[in-house]
>>> print(open('run-v4.tsv').read())   # TSV, C-alpha atoms
chain	number	residue	atom	x	y	z
A	1	ALA	CA	-124.12	-170.31	-25.21
A	2	ASP	CA	-127.12	-168.46	-26.55
A	3	ALA	CA	-126.32	-165.38	-24.44
A	4	LEU	CA	-123.28	-164.26	-22.52
A	5	LEU	CA	-122.90	-162.24	-19.32
A	6	ILE	CA	-119.29	-161.36	-18.50
A	7	CYS	CA	-118.51	-160.23	-14.96
A	8	SER	CA	-115.01	-158.95	-14.30
A	9	GLY	CA	-113.00	-157.40	-11.53
A	10	ALA	CA	-109.44	-156.49	-10.61
A	11	GLY	CA	-108.00	-159.74	-11.90
A	12	MET	CA	-108.86	-158.75	-15.47
A	13	GLY	CA	-106.46	-155.81	-15.27
A	14	VAL	CA	-103.49	-157.79	-13.94
A	15	ASP	CA	-102.43	-159.02	-17.38
A	16	ALA	CA	-102.46	-155.38	-18.51
A	17	GLY	CA	-99.92	-154.60	-15.78
A	18	LEU	CA	-102.34	-153.06	-13.28
A	19	ALA	CA	-102.23	-153.89	-9.60
A	20	THR	CA	-105.27	-155.41	-7.91
A	21	PHE	CA	-105.13	-152.58	-5.37
A	22	ARG	CA	-105.92	-154.70	-2.37
A	23	GLY	CA	-104.48	-153.58	0.95
A	24	GLN	CA	-101.76	-151.11	1.90
A	25	SER	CA	-98.83	-152.94	0.32
A	26	ALA	CA	-100.50	-153.05	-3.11
A	27	ALA	CA	-101.39	-149.37	-2.98
A	28	LEU	CA	-97.89	-148.41	-1.82
A	29	ALA	CA	-96.30	-150.50	-4.56
A	30	SER	CA	-98.50	-148.89	-7.20
A	31	TRP	CA	-98.20	-145.29	-5.93
A	32	PRO	CA	-95.10	-144.56	-3.82
A	33	GLY	CA	-96.52	-141.12	-2.93
A	34	LEU	CA	-98.90	-142.82	-0.54
A	35	SER	CA	-96.06	-143.73	1.82
A	36	ASN	CA	-95.12	-140.04	2.05
A	37	ALA	CA	-98.69	-138.87	2.55
A	38	SER	CA	-100.23	-140.67	5.50
A	39	SER	CA	-99.16	-143.89	7.09
A	40	GLY	CA	-101.73	-146.61	7.30
A	41	LEU	CA	-103.78	-145.64	4.24
A	42	ASP	CA	-104.70	-148.44	1.90
A	43	TYR	CA	-106.31	-148.29	-1.52
A	44	GLN	CA	-109.89	-148.55	-0.26
A	45	GLU	CA	-109.26	-145.67	2.16
A	46	ILE	CA	-107.54	-143.30	-0.30
A	47	CYS	CA	-110.37	-143.83	-2.81
A	48	LYS	CA	-112.97	-142.29	-0.51
A	49	ALA	CA	-114.36	-138.95	-1.67
A	50	ASN	CA	-113.74	-137.30	1.72
A	51	TRP	CA	-110.04	-136.93	0.82
A	52	PHE	CA	-110.92	-134.22	-1.71
A	53	ALA	CA	-112.07	-132.06	1.23
A	54	LYS	CA	-109.66	-133.37	3.87
A	55	ASP	CA	-106.48	-133.26	1.76
A	56	PRO	CA	-107.20	-132.14	-1.83
A	57	HIS	CA	-103.51	-132.23	-2.82
A	58	LEU	CA	-103.26	-135.87	-1.75
A	59	ALA	CA	-106.55	-136.83	-3.43
A	60	TRP	CA	-105.75	-135.17	-6.75
A	61	ALA	CA	-102.18	-136.48	-6.74
A	62	PHE	CA	-103.44	-140.02	-6.20
A	63	TRP	CA	-106.15	-139.81	-8.86
A	64	ASN	CA	-103.76	-138.17	-11.32
A	65	PHE	CA	-101.45	-141.14	-10.81
A	66	CYS	CA	-104.33	-143.60	-11.31
A	67	HIS	CA	-105.57	-141.81	-14.41
A	68	ARG	CA	-102.12	-141.86	-16.00
A	69	ALA	CA	-101.49	-145.49	-15.05
A	70	TYR	CA	-104.84	-146.67	-16.43
A	71	LEU	CA	-104.36	-144.75	-19.69
A	72	ALA	CA	-100.80	-146.05	-20.10
A	73	ALA	CA	-101.87	-149.68	-19.61
A	74	LYS	CA	-103.13	-151.34	-22.76
A	75	PRO	CA	-106.05	-153.77	-22.72
A	76	HIS	CA	-104.65	-157.29	-23.12
A	77	ALA	CA	-105.70	-159.95	-25.63
A	78	GLY	CA	-108.27	-161.39	-23.20
A	79	TYR	CA	-110.64	-158.53	-23.96
A	80	GLU	CA	-110.55	-159.33	-27.68
A	81	LEU	CA	-111.04	-163.04	-26.97
A	82	VAL	CA	-114.12	-162.38	-24.82
A	83	LYS	CA	-115.48	-159.97	-27.45
A	84	ARG	CA	-115.19	-162.70	-30.11
A	85	TRP	CA	-117.10	-165.13	-27.87
A	86	ALA	CA	-119.74	-162.47	-27.18
A	87	ASN	CA	-120.26	-161.70	-30.85
A	88	LYS	CA	-121.12	-165.38	-31.45
A	89	ALA	CA	-123.94	-165.39	-28.87
A	90	PRO	CA	-127.19	-165.30	-30.89
A	91	LEU	CA	-129.20	-163.72	-28.04
A	92	GLY	CA	-126.57	-161.11	-27.26
A	93	PHE	CA	-124.07	-160.28	-24.57
A	94	PHE	CA	-123.50	-157.93	-21.68
A	95	ALA	CA	-120.55	-157.06	-19.43
A	96	PHE	CA	-120.57	-155.95	-15.81
A	97	THR	CA	-117.28	-154.80	-14.30
A	98	THR	CA	-116.01	-153.33	-11.06
A	99	ASN	CA	-112.91	-152.06	-12.88
A	100	ILE	CA	-112.51	-148.33	-13.49
A	101	ASP	CA	-109.68	-148.67	-16.04
A	102	SER	CA	-111.96	-148.31	-19.12
A	103	HIS	CA	-110.31	-151.30	-20.78
A	104	TRP	CA	-113.62	-152.78	-21.89
A	105	VAL	CA	-114.45	-149.57	-23.78
A	106	ARG	CA	-110.90	-149.13	-25.09
A	107	SER	CA	-110.98	-152.67	-26.48
A	108	GLY	CA	-114.05	-151.82	-28.54
A	109	TRP	CA	-116.78	-153.17	-26.28
A	110	ASP	CA	-120.24	-151.74	-27.04
A	111	GLN	CA	-120.87	-149.17	-24.27
A	112	ALA	CA	-124.60	-149.89	-24.43
A	113	ARG	CA	-123.77	-153.46	-23.31
A	114	LEU	CA	-121.48	-152.47	-20.42
A	115	VAL	CA	-121.97	-151.44	-16.80
A	116	GLU	CA	-118.92	-150.00	-15.03
A	117	VAL	CA	-120.46	-150.16	-11.57
A	118	HIS	CA	-117.74	-148.08	-9.85
A	119	GLY	CA	-117.52	-145.54	-12.68
A	120	ALA	CA	-114.55	-145.09	-14.96
A	121	VAL	CA	-111.32	-143.15	-14.86
A	122	ARG	CA	-112.25	-141.47	-18.13
A	123	TRP	CA	-114.99	-139.44	-16.40
A	124	LEU	CA	-115.02	-136.69	-13.77
A	125	GLN	CA	-117.97	-135.55	-11.71
A	126	CYS	CA	-118.62	-133.28	-8.75
A	127	SER	CA	-117.56	-134.70	-5.39
A	128	VAL	CA	-120.57	-132.91	-3.90
A	129	PRO	CA	-123.67	-133.74	-5.94
A	130	CYS	CA	-124.13	-130.38	-7.67
A	131	CYS	CA	-125.41	-131.79	-10.96
A	132	PRO	CA	-125.83	-135.18	-12.66
A	133	THR	CA	-123.29	-134.34	-15.39
A	134	ALA	CA	-120.04	-136.25	-15.85
A	135	TRP	CA	-117.21	-134.73	-17.89
A	136	ALA	CA	-114.52	-136.40	-19.96
A	137	ALA	CA	-111.31	-136.58	-17.93
>>> encode(input="run-v4.tsv", output="structure tokens")
Amino acid sequence: ADALLICSGAGMGVDAGLATFRGQSAALASWPGLSNASSGLDYQEICKANWFAKDPHLAWAFWNFCHRAYLAAKPHAGYELVKRWANKAPLGFFAFTTNIDSHWVRSGWDQARLVEVHGAVRWLQCSVPCCPTAWAA
């Protein structure tokens, strides 16, 4: 290929040992504290920003768990393989991911050629838009 666009989602993290975080059972399996917090919450629900106001202890506990899990997981060999393919594309390459695990960056991907559409666990920002700044987590 002359150019390469890589689009990735939750499946890319599975080989690194991360859950796909779909539904209540996946969220409970990945963070047992969720079963003690509120019954019926699934991953999509606990990720909503309103939990920082509604139950800050729950929200910070969950995101602390996610942050630690994502940092502990190592990017798998697939990232290196895709990077080798990308470097051979004479017209360049670009990656678009819904993952927040920062594995593309940690595997050496050029940040100028990456969009992490849902953000990344390596950054913090205000839950109420007080400024456009993001801080290293």
>>> closest_residue(input="run-v4.tsv", among="A:Phe93, A:Tyr79, A:Tyr43, A:Trp51", to="A:Ala1", atoms="all atoms listed in the file")
A:Phe93
>>> residues_around(input="run-v4.tsv", residues="stretch 99-116 of chain A", least_positions_apart="5", cutoff="12 Å", atoms="only C-alpha atoms", output="number ranges by chain")
A: 4-21, 47, 63, 66-84, 86-87, 92-94, 121-124, 137
>>> residues_near_point(input="run-v4.tsv", point="(-111.4, -140.3, 3.0)", cutoff="12 Å", atoms="all atoms listed in the file", output="list in words")
Ser38, Leu41, Asp42, Tyr43, Gln44, Glu45, Ile46, Cys47, Lys48, Ala49, Asn50, Trp51, Phe52, Ala53, Lys54, Asp55, Pro56, Leu58, Ala59 and Ser127 of chain A
>>> atom_distance(input="run-v4.tsv", atom1="atom CA of A:Trp135", atom2="atom CA of A:Phe62")
18.8 Å
>>> atom_distance(input="run-v4.tsv", atom1="atom CA of A:Gln125", atom2="atom CA of A:Ala61")
16.6 Å
>>> atom_distance(input="run-v4.tsv", atom1="atom CA of A:Phe65", atom2="atom CA of A:Ala120")
14.3 Å
>>> closest_residue(input="run-v4.tsv", among="A:Leu91, A:Pro132, A:Trp85, A:Thr97", to="A:Gly119", atoms="all atoms listed in the file")
A:Thr97
>>> build_atoms(input="run-v4.tsv", residues="stretch 79-105 of chain A", atoms="N, CA and C atoms", output="short mmCIF file (atom, residue, chain, number, x, y, z; two decimals), in the frame of the given file")
data_model
loop_
_atom_site.label_atom_id
_atom_site.label_comp_id
_atom_site.auth_asym_id
_atom_site.auth_seq_id
_atom_site.Cartn_x
_atom_site.Cartn_y
_atom_site.Cartn_z
N TYR A 79 -109.46 -159.32 -23.62
CA TYR A 79 -110.64 -158.53 -23.96
C TYR A 79 -111.13 -158.86 -25.37
N GLU A 80 -110.21 -158.99 -26.30
CA GLU A 80 -110.55 -159.33 -27.68
C GLU A 80 -111.13 -160.74 -27.75
N LEU A 81 -110.55 -161.66 -27.00
CA LEU A 81 -111.04 -163.04 -26.97
C LEU A 81 -112.49 -163.08 -26.48
N VAL A 82 -112.76 -162.40 -25.38
CA VAL A 82 -114.12 -162.38 -24.82
C VAL A 82 -115.08 -161.70 -25.80
N LYS A 83 -114.63 -160.65 -26.47
CA LYS A 83 -115.48 -159.97 -27.45
C LYS A 83 -115.83 -160.91 -28.61
N ARG A 84 -114.89 -161.72 -29.05
CA ARG A 84 -115.19 -162.70 -30.11
C ARG A 84 -116.24 -163.71 -29.64
N TRP A 85 -116.10 -164.20 -28.41
CA TRP A 85 -117.10 -165.13 -27.87
C TRP A 85 -118.47 -164.44 -27.83
N ALA A 86 -118.48 -163.20 -27.33
CA ALA A 86 -119.74 -162.47 -27.18
C ALA A 86 -120.43 -162.26 -28.52
N ASN A 87 -119.67 -161.95 -29.53
CA ASN A 87 -120.26 -161.70 -30.85
C ASN A 87 -120.87 -162.96 -31.47
N LYS A 88 -120.55 -164.12 -30.95
CA LYS A 88 -121.12 -165.38 -31.45
C LYS A 88 -122.41 -165.76 -30.72
N ALA A 89 -122.75 -165.06 -29.66
CA ALA A 89 -123.94 -165.39 -28.87
C ALA A 89 -125.19 -164.87 -29.60
N PRO A 90 -126.04 -165.74 -30.08
CA PRO A 90 -127.19 -165.30 -30.89
C PRO A 90 -128.18 -164.41 -30.14
N LEU A 91 -128.27 -164.55 -28.82
CA LEU A 91 -129.20 -163.72 -28.04
C LEU A 91 -128.52 -162.51 -27.42
N GLY A 92 -127.25 -162.32 -27.71
CA GLY A 92 -126.57 -161.11 -27.26
C GLY A 92 -125.64 -161.34 -26.09
N PHE A 93 -125.10 -160.24 -25.61
CA PHE A 93 -124.07 -160.28 -24.57
C PHE A 93 -124.13 -159.00 -23.76
N PHE A 94 -123.53 -159.06 -22.59
CA PHE A 94 -123.50 -157.93 -21.68
C PHE A 94 -122.30 -158.10 -20.76
N ALA A 95 -121.67 -157.00 -20.37
CA ALA A 95 -120.55 -157.06 -19.43
C ALA A 95 -120.83 -156.17 -18.23
N PHE A 96 -120.44 -156.66 -17.08
CA PHE A 96 -120.57 -155.95 -15.81
C PHE A 96 -119.20 -155.99 -15.17
N THR A 97 -118.62 -154.82 -14.87
CA THR A 97 -117.28 -154.80 -14.30
C THR A 97 -117.18 -153.85 -13.11
N THR A 98 -116.33 -154.22 -12.18
CA THR A 98 -116.01 -153.33 -11.06
C THR A 98 -114.76 -152.51 -11.38
N ASN A 99 -114.13 -152.78 -12.50
CA ASN A 99 -112.91 -152.06 -12.88
C ASN A 99 -113.23 -150.65 -13.35
N ILE A 100 -112.34 -149.71 -13.05
CA ILE A 100 -112.51 -148.33 -13.49
C ILE A 100 -111.51 -147.96 -14.57
N ASP A 101 -110.78 -148.94 -15.11
CA ASP A 101 -109.68 -148.67 -16.04
C ASP A 101 -110.13 -148.39 -17.47
N SER A 102 -111.39 -148.55 -17.78
CA SER A 102 -111.96 -148.31 -19.12
C SER A 102 -111.45 -149.27 -20.18
N HIS A 103 -110.85 -150.38 -19.79
CA HIS A 103 -110.31 -151.30 -20.78
C HIS A 103 -111.38 -151.97 -21.63
N TRP A 104 -112.56 -152.19 -21.07
CA TRP A 104 -113.62 -152.78 -21.89
C TRP A 104 -113.97 -151.83 -23.04
N VAL A 105 -114.12 -150.55 -22.75
CA VAL A 105 -114.45 -149.57 -23.78
C VAL A 105 -113.28 -149.41 -24.76
#
